[in-house]
>>> print(open('target_25.txt').read())   # compact mmCIF, C-alpha atoms and all ligand atoms
# COMPACT_ATOMS: atom_id res chain seq x y z
CA MET Y 1 0.00 0.00 0.00
CA PRO Y 2 1.40 3.41 -0.90
CA THR Y 3 2.08 5.78 1.98
CA ASN Y 4 0.11 9.02 2.24
CA LEU Y 5 3.07 10.94 0.83
CA GLU Y 6 3.47 8.53 -2.07
CA LEU Y 7 -0.20 9.04 -2.91
CA LEU Y 8 0.31 12.80 -2.84
CA GLU Y 9 3.30 12.50 -5.15
CA GLN Y 10 1.32 10.40 -7.63
CA ASN Y 11 -1.92 12.34 -7.53
CA ASP Y 12 -0.84 15.96 -7.09
CA PRO Y 13 2.74 16.42 -8.25
CA ALA Y 14 2.48 20.24 -8.11
CA VAL Y 15 1.67 20.32 -4.38
CA PHE Y 16 4.15 17.52 -3.73
CA ALA Y 17 6.93 19.46 -5.48
CA ALA Y 18 6.17 22.58 -3.42
CA LEU Y 19 6.27 20.50 -0.24
CA ARG Y 20 9.65 19.04 -1.15
CA GLY Y 21 10.86 22.53 -2.10
CA GLU Y 22 9.85 23.93 1.29
CA GLU Y 23 11.57 21.02 3.06
CA ALA Y 24 14.78 21.75 1.17
CA ARG Y 25 14.49 25.49 1.90
CA GLN Y 26 14.12 24.80 5.61
CA ARG Y 27 17.08 22.42 5.56
CA VAL Y 28 19.65 24.44 3.60
CA GLY Y 29 18.97 27.85 5.12
CA ILE Y 30 19.12 29.38 8.58
CA GLU Y 31 15.75 30.39 10.04
CA LEU Y 32 16.07 33.52 12.14
CA ILE Y 33 12.50 34.84 12.18
CA PRO Y 34 11.86 35.01 15.94
CA SER Y 35 8.28 33.74 15.71
CA GLU Y 36 9.14 30.60 13.71
CA ASN Y 37 10.47 27.24 14.78
CA TYR Y 38 10.84 23.61 13.70
CA THR Y 39 8.20 21.56 15.40
CA PHE Y 40 8.64 18.09 16.89
CA PRO Y 41 8.32 15.10 14.48
CA GLU Y 42 5.52 13.73 16.69
CA VAL Y 43 3.63 16.99 16.17
CA LEU Y 44 3.90 16.61 12.39
CA ALA Y 45 2.49 13.08 12.79
CA ALA Y 46 -0.48 14.30 14.84
CA LEU Y 47 -1.20 17.18 12.44
CA GLY Y 48 -1.44 14.76 9.53
CA SER Y 49 -3.61 12.32 11.47
CA VAL Y 50 -7.25 11.27 11.35
CA PHE Y 51 -8.10 13.74 14.12
CA THR Y 52 -8.42 16.24 11.28
CA ASN Y 53 -11.58 14.36 10.20
CA LYS Y 54 -13.51 15.02 13.39
CA TYR Y 55 -15.99 17.72 14.40
CA SER Y 56 -15.98 18.37 18.16
CA GLU Y 57 -17.95 21.54 18.92
CA GLY Y 58 -18.23 21.97 22.66
CA TYR Y 59 -15.86 20.81 25.37
CA PRO Y 60 -14.93 17.37 26.76
CA GLY Y 61 -18.06 15.70 28.12
CA ARG Y 62 -20.32 18.37 26.56
CA ARG Y 63 -20.08 18.01 22.77
CA TYR Y 64 -22.63 18.61 20.05
CA TYR Y 65 -21.56 15.55 17.99
CA GLY Y 66 -21.14 11.87 18.84
CA GLY Y 67 -18.00 9.79 18.62
CA GLN Y 68 -15.91 11.86 21.01
CA GLU Y 69 -14.18 9.29 23.22
CA PHE Y 70 -10.72 9.97 21.76
CA THR Y 71 -11.12 13.69 21.10
CA ASP Y 72 -12.23 14.16 24.72
CA GLU Y 73 -9.18 12.26 25.85
CA ILE Y 74 -6.73 14.40 23.91
CA GLU Y 75 -8.38 17.70 24.79
CA ASN Y 76 -8.33 16.77 28.49
CA LEU Y 77 -4.67 15.80 28.17
CA ALA Y 78 -3.85 19.11 26.48
CA ARG Y 79 -5.75 21.15 29.08
CA ASP Y 80 -4.23 19.31 32.06
CA ARG Y 81 -0.73 19.56 30.64
CA ALA Y 82 -1.19 23.27 29.91
CA LYS Y 83 -2.24 23.86 33.54
CA ALA Y 84 0.76 21.89 34.81
CA VAL Y 85 3.27 23.61 32.52
CA PHE Y 86 2.07 27.18 33.14
CA GLY Y 87 0.91 26.76 36.74
CA CYS Y 88 -2.58 28.08 36.02
CA GLU Y 89 -6.11 27.20 37.08
CA HIS Y 90 -7.78 26.92 33.69
CA ALA Y 91 -6.74 26.35 30.08
CA ASN Y 92 -8.66 26.65 26.83
CA VAL Y 93 -6.69 24.98 24.02
CA GLN Y 94 -9.19 25.52 21.18
CA PRO Y 95 -8.23 28.94 19.71
CA LEU Y 96 -7.24 28.40 16.11
CA SER Y 97 -4.29 30.76 16.43
CA GLY Y 98 -2.98 33.93 18.08
CA SER Y 99 -5.44 36.51 16.79
CA ALA Y 100 -8.47 34.37 17.64
CA MET Y 101 -7.17 33.71 21.14
CA ASN Y 102 -6.73 37.43 21.90
CA GLN Y 103 -10.08 38.30 20.34
CA ALA Y 104 -11.73 35.63 22.51
CA VAL Y 105 -10.35 37.29 25.64
CA TYR Y 106 -11.48 40.81 24.72
CA LEU Y 107 -14.90 39.70 23.52
CA GLY Y 108 -15.43 37.39 26.48
CA LEU Y 109 -14.38 39.72 29.30
CA LEU Y 110 -15.27 43.17 27.91
CA GLU Y 111 -18.03 45.04 26.11
CA PRO Y 112 -17.49 46.69 22.70
CA GLY Y 113 -16.18 50.21 23.24
CA ASP Y 114 -14.38 49.36 26.49
CA THR Y 115 -10.88 50.72 26.95
CA ILE Y 116 -7.82 48.47 26.70
CA LEU Y 117 -4.29 49.68 27.48
CA ALA Y 118 -1.76 47.89 25.25
CA MET Y 119 1.54 48.38 23.46
CA ASP Y 120 1.70 50.36 20.23
CA LEU Y 121 2.45 48.28 17.12
CA SER Y 122 5.54 50.22 16.07
CA HIS Y 123 6.93 49.96 19.59
CA GLY Y 124 6.57 46.18 19.63
CA GLY Y 125 2.87 45.35 20.16
CA HIS Y 126 0.80 43.04 17.95
CA LEU Y 127 -1.93 43.89 15.45
CA THR Y 128 -4.50 42.53 17.94
CA HIS Y 129 -3.16 44.93 20.58
CA GLY Y 130 -5.23 47.65 18.99
CA ALA Y 131 -3.58 48.58 15.71
CA PRO Y 132 -6.12 50.89 14.01
CA VAL Y 133 -6.16 48.63 10.91
CA SER Y 134 -7.35 45.62 12.93
CA HIS Y 135 -11.01 44.86 13.66
CA MET Y 136 -10.14 44.84 17.37
CA GLY Y 137 -8.74 48.36 17.01
CA LYS Y 138 -12.11 49.44 15.63
CA MET Y 139 -14.25 47.54 18.13
CA PHE Y 140 -12.51 48.54 21.37
CA ASN Y 141 -11.06 51.82 22.56
CA PHE Y 142 -7.34 51.05 22.65
CA VAL Y 143 -4.96 53.40 24.40
CA ARG Y 144 -1.50 52.48 23.17
CA TYR Y 145 1.59 52.94 25.28
CA VAL Y 146 5.00 53.47 23.76
CA THR Y 147 8.62 52.91 24.77
CA ASP Y 148 11.00 55.43 26.31
CA PRO Y 149 13.00 57.08 23.48
CA SER Y 150 16.11 57.31 25.71
CA ASP Y 151 16.67 53.55 25.98
CA GLY Y 152 13.82 51.89 24.06
CA SER Y 153 12.37 50.15 27.13
CA ILE Y 154 8.75 50.35 28.30
CA ASP Y 155 8.13 53.62 30.15
CA TYR Y 156 6.23 52.26 33.18
CA ASP Y 157 5.59 55.73 34.61
CA GLN Y 158 3.85 56.66 31.38
CA VAL Y 159 1.90 53.38 31.36
CA ARG Y 160 0.65 54.19 34.87
CA LYS Y 161 -0.26 57.77 33.90
CA ASP Y 162 -2.15 56.46 30.85
CA ALA Y 163 -3.98 53.95 33.07
CA LEU Y 164 -4.97 56.56 35.64
CA GLU Y 165 -6.17 58.93 32.92
CA HIS Y 166 -8.06 56.45 30.71
CA LYS Y 167 -9.22 53.89 33.32
CA PRO Y 168 -8.87 50.78 31.07
CA LYS Y 169 -10.91 47.68 31.77
CA LEU Y 170 -7.97 45.55 30.68
CA VAL Y 171 -4.21 46.18 30.90
CA LEU Y 172 -2.24 44.12 28.39
CA CYS Y 173 1.49 43.48 28.26
CA GLY Y 174 3.35 41.28 25.81
CA TYR Y 175 4.91 41.93 22.44
CA THR Y 176 5.96 40.70 19.06
CA SER Y 177 8.95 42.95 18.57
CA TYR Y 178 10.43 44.08 21.88
CA PRO Y 179 13.79 42.64 22.91
CA ARG Y 180 13.46 43.13 26.68
CA ASP Y 181 11.73 41.32 29.52
CA ILE Y 182 8.59 42.67 31.21
CA ASP Y 183 8.28 44.03 34.75
CA TYR Y 184 5.14 42.06 35.63
CA GLU Y 185 5.01 43.40 39.15
CA LYS Y 186 4.65 46.94 37.81
CA PHE Y 187 2.03 45.96 35.23
CA LYS Y 188 0.00 44.03 37.79
CA GLY Y 189 0.22 46.95 40.23
CA ILE Y 190 -1.03 49.34 37.54
CA ALA Y 191 -3.92 47.01 36.58
CA ASP Y 192 -4.92 46.60 40.23
CA GLU Y 193 -4.76 50.34 40.88
CA VAL Y 194 -7.41 50.98 38.21
CA GLY Y 195 -9.37 47.78 38.79
CA ALA Y 196 -8.52 46.32 35.36
CA VAL Y 197 -8.07 42.72 34.25
CA SER Y 198 -4.34 41.97 33.89
CA MET Y 199 -3.37 40.08 30.73
CA THR Y 200 -0.08 38.99 29.15
CA ASP Y 201 0.17 37.98 25.52
CA ALA Y 202 3.10 35.59 25.84
CA SER Y 203 2.90 34.32 22.27
CA HIS Y 204 6.54 34.95 21.50
CA PHE Y 205 8.01 33.71 24.75
CA GLY Y 206 5.45 31.10 25.87
CA GLY Y 207 7.99 28.34 25.31
CA LEU Y 208 10.59 30.19 27.35
CA VAL Y 209 8.13 30.56 30.22
CA ALA Y 210 7.25 26.86 29.89
CA GLY Y 211 10.93 25.95 29.90
CA GLY Y 212 11.57 28.10 32.97
CA SER Y 213 14.05 30.49 31.36
CA MET Y 214 11.72 33.51 31.45
CA LYS Y 215 9.40 34.77 34.20
CA ASN Y 216 5.84 33.44 34.41
CA PRO Y 217 3.13 36.16 34.66
CA PHE Y 218 1.01 33.84 36.84
CA ASP Y 219 3.73 34.07 39.53
CA PHE Y 220 2.80 37.76 39.74
CA GLY Y 221 -0.95 37.14 40.03
CA PHE Y 222 -1.93 37.83 36.43
CA ASP Y 223 -5.52 37.02 35.48
CA VAL Y 224 -5.06 35.90 31.89
CA VAL Y 225 -2.11 34.73 29.79
CA THR Y 226 -2.43 33.92 26.09
CA THR Y 227 0.17 32.18 23.99
CA THR Y 228 0.45 30.76 20.54
CA THR Y 229 1.80 27.24 20.45
CA HIS Y 230 4.03 27.33 17.36
CA LYS Y 231 6.72 29.83 18.29
CA SER Y 232 9.21 29.22 21.13
CA LEU Y 233 6.98 26.37 22.36
CA ARG Y 234 7.74 24.38 19.15
CA GLY Y 235 4.18 23.05 18.77
CA PRO Y 236 1.59 23.18 15.98
CA ARG Y 237 0.02 26.44 14.82
CA GLY Y 238 -2.56 27.25 17.47
CA GLY Y 239 -3.34 29.33 20.54
CA MET Y 240 -4.24 28.88 24.18
CA VAL Y 241 -6.01 31.07 26.71
CA LEU Y 242 -4.78 30.36 30.24
CA CYS Y 243 -6.53 32.03 33.13
CA ARG Y 244 -7.57 32.11 36.76
CA LYS Y 245 -10.75 30.21 37.68
CA PRO Y 246 -13.08 33.23 37.94
CA PHE Y 247 -12.53 33.93 34.23
CA ALA Y 248 -12.81 30.31 33.04
CA SER Y 249 -16.48 30.15 32.11
CA LYS Y 250 -16.51 33.49 30.25
CA ILE Y 251 -13.37 32.52 28.32
CA ASP Y 252 -14.75 29.11 27.33
CA LYS Y 253 -18.06 30.58 26.17
CA SER Y 254 -16.20 33.26 24.26
CA VAL Y 255 -14.02 30.78 22.34
CA PHE Y 256 -16.99 28.48 21.63
CA PRO Y 257 -19.70 29.28 20.69
CA GLY Y 258 -18.83 32.98 20.79
CA LEU Y 259 -16.05 33.13 18.25
CA GLN Y 260 -15.34 29.73 16.75
CA GLY Y 261 -17.09 26.57 15.62
CA GLY Y 262 -15.33 23.22 15.47
CA PRO Y 263 -11.89 23.11 17.05
CA HIS Y 264 -9.02 21.61 15.05
CA MET Y 265 -8.59 18.36 16.95
CA ASN Y 266 -5.45 17.40 15.04
CA ALA Y 267 -3.84 20.60 16.34
CA ILE Y 268 -5.12 19.93 19.86
CA ALA Y 269 -3.55 16.45 19.77
CA ALA Y 270 -0.32 18.10 18.68
CA ILE Y 271 -0.60 20.69 21.48
CA ALA Y 272 -0.94 17.84 24.01
CA ILE Y 273 2.25 16.28 22.64
CA THR Y 274 4.07 19.62 22.75
CA LEU Y 275 3.09 20.26 26.36
CA GLN Y 276 4.43 16.88 27.42
CA LYS Y 277 7.74 17.68 25.69
CA ALA Y 278 7.78 21.08 27.42
CA GLN Y 279 8.00 19.35 30.79
CA SER Y 280 11.24 17.55 29.92
CA GLU Y 281 14.73 18.44 31.11
CA GLU Y 282 15.77 18.61 27.45
CA PHE Y 283 13.22 21.36 26.78
CA LYS Y 284 14.40 23.36 29.81
CA GLN Y 285 17.95 23.16 28.44
CA TYR Y 286 16.62 24.24 25.03
CA ALA Y 287 14.87 27.29 26.55
CA ARG Y 288 18.09 28.30 28.34
CA GLN Y 289 20.13 27.93 25.16
CA VAL Y 290 17.69 30.09 23.16
CA LEU Y 291 18.50 32.99 25.48
CA ILE Y 292 22.24 32.31 25.56
CA ASN Y 293 22.29 32.21 21.77
CA SER Y 294 20.26 35.40 21.53
CA ARG Y 295 22.62 37.34 23.78
CA THR Y 296 25.67 35.93 22.00
CA LEU Y 297 24.32 36.88 18.58
CA ALA Y 298 23.31 40.35 19.76
CA ASP Y 299 26.74 40.97 21.31
CA ALA Y 300 28.55 39.72 18.21
CA LEU Y 301 26.46 41.98 15.95
CA MET Y 302 27.04 45.00 18.17
CA GLU Y 303 30.81 44.30 18.30
CA LYS Y 304 30.70 44.66 14.53
CA GLN Y 305 29.00 48.03 14.80
CA ALA Y 306 25.39 46.98 14.25
CA THR Y 307 22.87 49.22 16.04
CA LEU Y 308 20.28 47.25 18.01
CA VAL Y 309 17.02 48.77 19.26
CA THR Y 310 17.38 49.08 23.08
CA GLY Y 311 21.10 48.23 22.74
CA GLY Y 312 20.73 44.48 23.20
CA THR Y 313 18.33 41.76 24.25
CA ASP Y 314 16.96 39.98 27.33
CA ASN Y 315 14.88 37.51 25.35
CA HIS Y 316 15.00 35.43 22.19
CA MET Y 317 15.00 38.31 19.72
CA MET Y 318 16.77 41.47 18.64
CA VAL Y 319 15.79 44.30 16.34
CA VAL Y 320 18.56 45.66 14.10
CA ASP Y 321 18.22 49.26 12.94
CA THR Y 322 19.49 48.56 9.43
CA VAL Y 323 19.28 52.21 8.34
CA ALA Y 324 21.55 53.33 11.19
CA SER Y 325 23.83 50.30 10.87
CA PHE Y 326 24.22 49.84 7.13
CA GLY Y 327 22.27 52.62 5.38
CA LEU Y 328 19.77 49.98 4.14
CA ASP Y 329 16.04 49.85 4.72
CA GLY Y 330 14.66 46.65 6.21
CA ARG Y 331 13.27 45.34 2.94
CA VAL Y 332 16.65 45.59 1.18
CA ALA Y 333 18.33 43.99 4.21
CA GLU Y 334 15.80 41.14 4.33
CA GLU Y 335 16.20 40.52 0.59
CA ALA Y 336 20.00 40.55 0.76
CA LEU Y 337 19.91 38.00 3.61
CA ASP Y 338 17.40 35.89 1.66
CA LYS Y 339 20.01 35.64 -1.09
CA VAL Y 340 22.42 33.94 1.33
CA GLN Y 341 19.66 31.74 2.77
CA ILE Y 342 19.47 33.52 6.10
CA THR Y 343 15.79 34.23 6.72
CA THR Y 344 14.77 37.28 8.78
CA ASN Y 345 11.88 39.72 8.55
CA LYS Y 346 11.75 43.41 7.84
CA GLN Y 347 10.55 45.24 10.92
CA ILE Y 348 9.24 48.65 11.89
CA ILE Y 349 11.15 50.23 14.74
CA PRO Y 350 9.76 52.65 17.37
CA ASP Y 351 8.35 55.77 15.70
CA ASP Y 352 9.62 54.52 12.37
CA PRO Y 353 9.61 57.32 9.78
CA ASN Y 354 9.45 54.67 7.03
CA PRO Y 355 6.39 52.67 5.89
CA PRO Y 356 5.79 49.04 7.03
CA LEU Y 357 6.86 47.49 3.72
CA ARG Y 358 10.08 49.53 3.71
CA PRO Y 359 10.74 49.92 7.43
CA SER Y 360 14.01 50.82 9.13
CA GLY Y 361 14.98 47.46 10.57
CA ILE Y 362 14.93 43.70 10.63
CA ARG Y 363 13.96 41.33 13.42
CA ILE Y 364 16.14 38.35 14.29
CA GLY Y 365 15.53 35.53 16.77
CA THR Y 366 17.16 32.31 17.90
CA PRO Y 367 14.40 29.73 18.70
CA ALA Y 368 14.61 27.87 15.37
CA ALA Y 369 18.41 27.89 15.09
CA THR Y 370 18.62 26.59 18.66
CA THR Y 371 16.23 23.75 17.82
CA ARG Y 372 18.75 22.61 15.21
CA GLY Y 373 21.44 22.46 17.89
CA MET Y 374 23.32 25.67 17.15
CA VAL Y 375 25.28 27.13 20.07
CA GLU Y 376 27.37 30.20 20.90
CA GLU Y 377 30.19 29.71 18.37
CA ASP Y 378 27.58 29.23 15.65
CA MET Y 379 25.94 32.53 16.62
CA ARG Y 380 29.27 34.31 16.19
CA GLN Y 381 29.61 32.72 12.75
CA LEU Y 382 26.08 33.87 11.89
CA ALA Y 383 26.90 37.42 12.97
CA ASP Y 384 29.92 37.41 10.62
CA TRP Y 385 27.78 36.37 7.67
CA ILE Y 386 24.99 38.82 8.48
CA ILE Y 387 27.40 41.73 8.75
CA LYS Y 388 29.34 40.76 5.62
CA CYS Y 389 26.11 40.42 3.65
CA LEU Y 390 24.60 43.71 4.81
CA GLN Y 391 27.83 45.65 4.31
CA ASN Y 392 28.04 44.48 0.69
CA PRO Y 393 24.47 43.71 -0.40
CA GLU Y 394 25.29 44.12 -4.09
CA ASP Y 395 28.52 42.15 -4.20
CA GLU Y 396 27.17 39.07 -5.97
CA ALA Y 397 30.44 37.12 -5.68
CA SER Y 398 30.57 37.66 -1.92
CA LEU Y 399 26.87 36.80 -1.54
CA SER Y 400 27.33 33.62 -3.52
CA GLN Y 401 30.30 32.58 -1.37
CA ILE Y 402 28.31 33.22 1.84
CA ARG Y 403 25.38 31.25 0.43
CA ASP Y 404 27.63 28.24 -0.23
CA ASP Y 405 29.16 28.54 3.24
CA VAL Y 406 25.70 28.75 4.86
CA GLU Y 407 24.55 25.67 2.97
CA ALA Y 408 27.62 23.65 3.99
CA PHE Y 409 27.22 24.82 7.60
CA CYS Y 410 23.53 23.81 7.66
CA GLY Y 411 24.49 20.27 6.64
CA ARG Y 412 25.81 19.85 10.20
CA PHE Y 413 22.43 20.67 11.79
CA PRO Y 414 19.56 18.32 10.91
CA VAL Y 415 16.01 19.68 10.92
CA PRO Y 416 13.69 17.62 13.16
CA GLY Y 417 11.00 15.90 11.17
CA ILE Y 418 12.63 16.25 7.75
N1 LIG J 1 3.31 37.08 12.99
C1 LIG J 1 3.77 36.98 14.36
C2 LIG J 1 5.15 37.44 14.53
O1 LIG J 1 5.92 37.26 13.59
O2 LIG J 1 5.51 37.97 15.55
C3 LIG J 1 2.84 37.65 15.28
O3 LIG J 1 1.55 37.26 15.00
>>> encode(input="target_25.txt", output="structure tokens", more="lines below")
Ligand code: DSN
Amino acid sequence: MPTNLELLEQNDPAVFAALRGEEARQRVGIELIPSENYTFPEVLAALGSVFTNKYSEGYPGRRYYGGQEFTDEIENLARDRAKAVFGCEHANVQPLSGSAMNQAVYLGLLEPGDTILAMDLSHGGHLTHGAPVSHMGKMFNFVRYVTDPSDGSIDYDQVRKDALEHKPKLVLCGYTSYPRDIDYEKFKGIADEVGAVSMTDASHFGGLVAGGSMKNPFDFGFDVVTTTTHKSLRGPRGGMVLCRKPFASKIDKSVFPGLQGGPHMNAIAAIAITLQKAQSEEFKQYARQVLINSRTLADALMEKQATLVTGGTDNHMMVVDTVASFGLDGRVAEEALDKVQITTNKQIIPDDPNPPLRPSGIRIGTPAATTRGMVEEDMRQLADWIIKCLQNPEDEASLSQIRDDVEAFCGRFPVPGI
């Protein structure tokens, strides 16, 4: 009997060829987009499993369709493991991804028009943190805090002033492009002072919290923590809402039936697998190495005169001001690095004078490279290639040499699951 992949090859060669192409791309290049990772082989198996066939509206023990003995089992496993890993009272593992999970929190705990205090997009927040172009930005009254221009870190005095002035119903911390850790004690104090729900969007660093290398907002009494499951956590694409008991029922009703229909049970099986992996000693070591690699790469880039937003990193990512460092906008920098098979993403920087598709920087992160087993000396090698490439983005001979070197280097670091 042909395997599933053999059937795909026979019956849809175009999709099969693209799949093989993507596998090769992931193997021969270095993935430095901070929100990407290589998932566990067992997760790939679960994602391609028969759980994708099943409708399971509702929650374990309370479904709207029959035939749920195995789906209930995996959703219970995923919820229990999420509670154990994050030390929280309740977990909803059904959000289809990051935007849905944040929307479910706002829509479940607030009324349209309520005020939310969150980080401005260009200063590191996410689209769902109230960017005017997002539906959430239109539906709720977002007050957006910014970073301190002197050092690029969150200006907590200003956050407090904004909270006292605007009296938000929800105070949100968390980021997609901010290379520093969060002072949860201050955020929680501010939320309490104005009687707001305290929420962290830990999507980027959820895996580092799970692995114990970054602080856990629940240790500071936070009400709600959201995280995607496919970034530093190394799971399938998905999202989770973790919360204290008093919020559990509203959150569950908000995810289903409020916002979504049938959950993706193949993803929930994969989340259960991921959360078991996250409890291992190996994963804790991984989470530590992500941070060590990030600091090493940031230091090596700065030694070679690159300008980093905030002057360094405390987490898994850094933002390089490519205009200040190399006289290149972020799109040109991203494209030059693409040519040598080093994948990054163009990135707006605080108060960026340039538009989002030609911003002033790039964002770099170490979760995926660390998954492949890269360590400090490899980060220094990466910094050399990045600098060489961005100093001479039109020198085709040099780019071609770096590309060959990157490919040979990648041969030493297998990609899990390929
Ligand atoms: N797209 C994600 C990121 O790259 O940070 C956020 O949703």
>>> residues_around(input="target_25.txt", residues="Y:Pro149", least_positions_apart="3", cutoff="10 Å", atoms="all atoms listed in the file", output="count of residues only")
8
>>> atom_distance(input="target_25.txt", atom1="atom CA of Y:Arg288", atom2="atom CA of Y:Gly239")
22.8 Å
>>> residues_near_point(input="target_25.txt", point="(-13.2, 13.4, 27.4)", cutoff="6 Å", atoms="all atoms listed in the file", output="number ranges by chain")
Y: 60-61, 69, 72-73
>>> residues_around(input="target_25.txt", residues="stretch 122-136 of chain Y", least_positions_apart="4", cutoff="9 Å", atoms="all atoms listed in the file", output="PyMOL selection string")
chain Y and resi 98-99+102-103+106+116-118+140-147+152+154+172-179+347-352
>>> write_last_selection(input="target_25.txt", atoms="C-alpha atoms", output="CSV table (one decimal), keeping the file's coordinate frame")
chain,number,residue,atom,x,y,z
Y,98,GLY,CA,-3.0,33.9,18.1
Y,99,SER,CA,-5.4,36.5,16.8
Y,102,ASN,CA,-6.7,37.4,21.9
Y,103,GLN,CA,-10.1,38.3,20.3
Y,106,TYR,CA,-11.5,40.8,24.7
Y,116,ILE,CA,-7.8,48.5,26.7
Y,117,LEU,CA,-4.3,49.7,27.5
Y,118,ALA,CA,-1.8,47.9,25.2
Y,140,PHE,CA,-12.5,48.5,21.4
Y,141,ASN,CA,-11.1,51.8,22.6
Y,142,PHE,CA,-7.3,51.0,22.6
Y,143,VAL,CA,-5.0,53.4,24.4
Y,144,ARG,CA,-1.5,52.5,23.2
Y,145,TYR,CA,1.6,52.9,25.3
Y,146,VAL,CA,5.0,53.5,23.8
Y,147,THR,CA,8.6,52.9,24.8
Y,152,GLY,CA,13.8,51.9,24.1
Y,154,ILE,CA,8.8,50.4,28.3
Y,172,LEU,CA,-2.2,44.1,28.4
Y,173,CYS,CA,1.5,43.5,28.3
Y,174,GLY,CA,3.4,41.3,25.8
Y,175,TYR,CA,4.9,41.9,22.4
Y,176,THR,CA,6.0,40.7,19.1
Y,177,SER,CA,9.0,43.0,18.6
Y,178,TYR,CA,10.4,44.1,21.9
Y,179,PRO,CA,13.8,42.6,22.9
Y,347,GLN,CA,10.6,45.2,10.9
Y,348,ILE,CA,9.2,48.6,11.9
Y,349,ILE,CA,11.2,50.2,14.7
Y,350,PRO,CA,9.8,52.6,17.4
Y,351,ASP,CA,8.4,55.8,15.7
Y,352,ASP,CA,9.6,54.5,12.4
>>> closest_residue(input="target_25.txt", among="Y:Leu77, Y:Met317, Y:Ala324, Y:Val224", to="ligand LIG 1 (chain J)", atoms="only C-alpha atoms and all ligand atoms")
Y:Met317
>>> axis_aligned_box(input="target_25.txt", around="ligand LIG 1 (chain J)", padding_each_side="5 Å", output="JSON")
{"center_x": 3.7, "center_y": 37.5, "center_z": 14.3, "size_x": 14.4, "size_y": 11.0, "size_z": 12.6}
>>> residues_around(input="target_25.txt", residues="Y:Leu96", least_positions_apart="2", cutoff="7 Å", atoms="only C-alpha atoms", output="list of chain:residue names")
Y:Gln94, Y:Ala100, Y:Gly238, Y:Gly239
>>> decode(input="target_25.txt", residues="stretch 305-309 of chain Y", atoms="all heavy atoms", output="CSV table (one decimal), in the first residue's frame")
chain,number,residue,atom,x,y,z
Y,305,GLN,N,29.6,46.7,15.1
Y,305,GLN,CA,29.0,48.0,14.8
Y,305,GLN,C,27.5,48.0,14.4
Y,305,GLN,O,27.0,49.0,13.9
Y,305,GLN,CB,29.8,48.8,13.8
Y,305,GLN,CG,31.3,48.9,14.0
Y,305,GLN,CD,31.7,49.4,15.4
Y,305,GLN,OE1,31.1,50.3,15.9
Y,305,GLN,NE2,32.7,48.7,16.0
Y,306,ALA,N,26.8,46.9,14.5
Y,306,ALA,CA,25.4,47.0,14.3
Y,306,ALA,C,24.7,47.7,15.4
Y,306,ALA,O,25.1,47.6,16.6
Y,306,ALA,CB,24.8,45.6,14.1
Y,307,THR,N,23.6,48.5,15.0
Y,307,THR,CA,22.9,49.2,16.0
Y,307,THR,C,21.6,48.4,16.3
Y,307,THR,O,20.8,48.2,15.5
Y,307,THR,CB,22.5,50.6,15.5
Y,307,THR,OG1,23.7,51.3,15.1
Y,307,THR,CG2,21.7,51.4,16.5
Y,308,LEU,N,21.5,48.0,17.6
Y,308,LEU,CA,20.3,47.2,18.0
Y,308,LEU,C,19.3,48.1,18.8
Y,308,LEU,O,19.8,48.9,19.7
Y,308,LEU,CB,20.7,46.0,18.9
Y,308,LEU,CG,20.9,44.7,18.1
Y,308,LEU,CD1,21.8,44.9,16.9
Y,308,LEU,CD2,21.4,43.7,19.1
Y,309,VAL,N,18.0,48.0,18.5
Y,309,VAL,CA,17.0,48.8,19.3
Y,309,VAL,C,17.1,48.3,20.7
Y,309,VAL,O,17.2,47.1,21.0
Y,309,VAL,CB,15.6,48.5,18.7
Y,309,VAL,CG1,14.5,49.1,19.6
Y,309,VAL,CG2,15.5,49.0,17.3
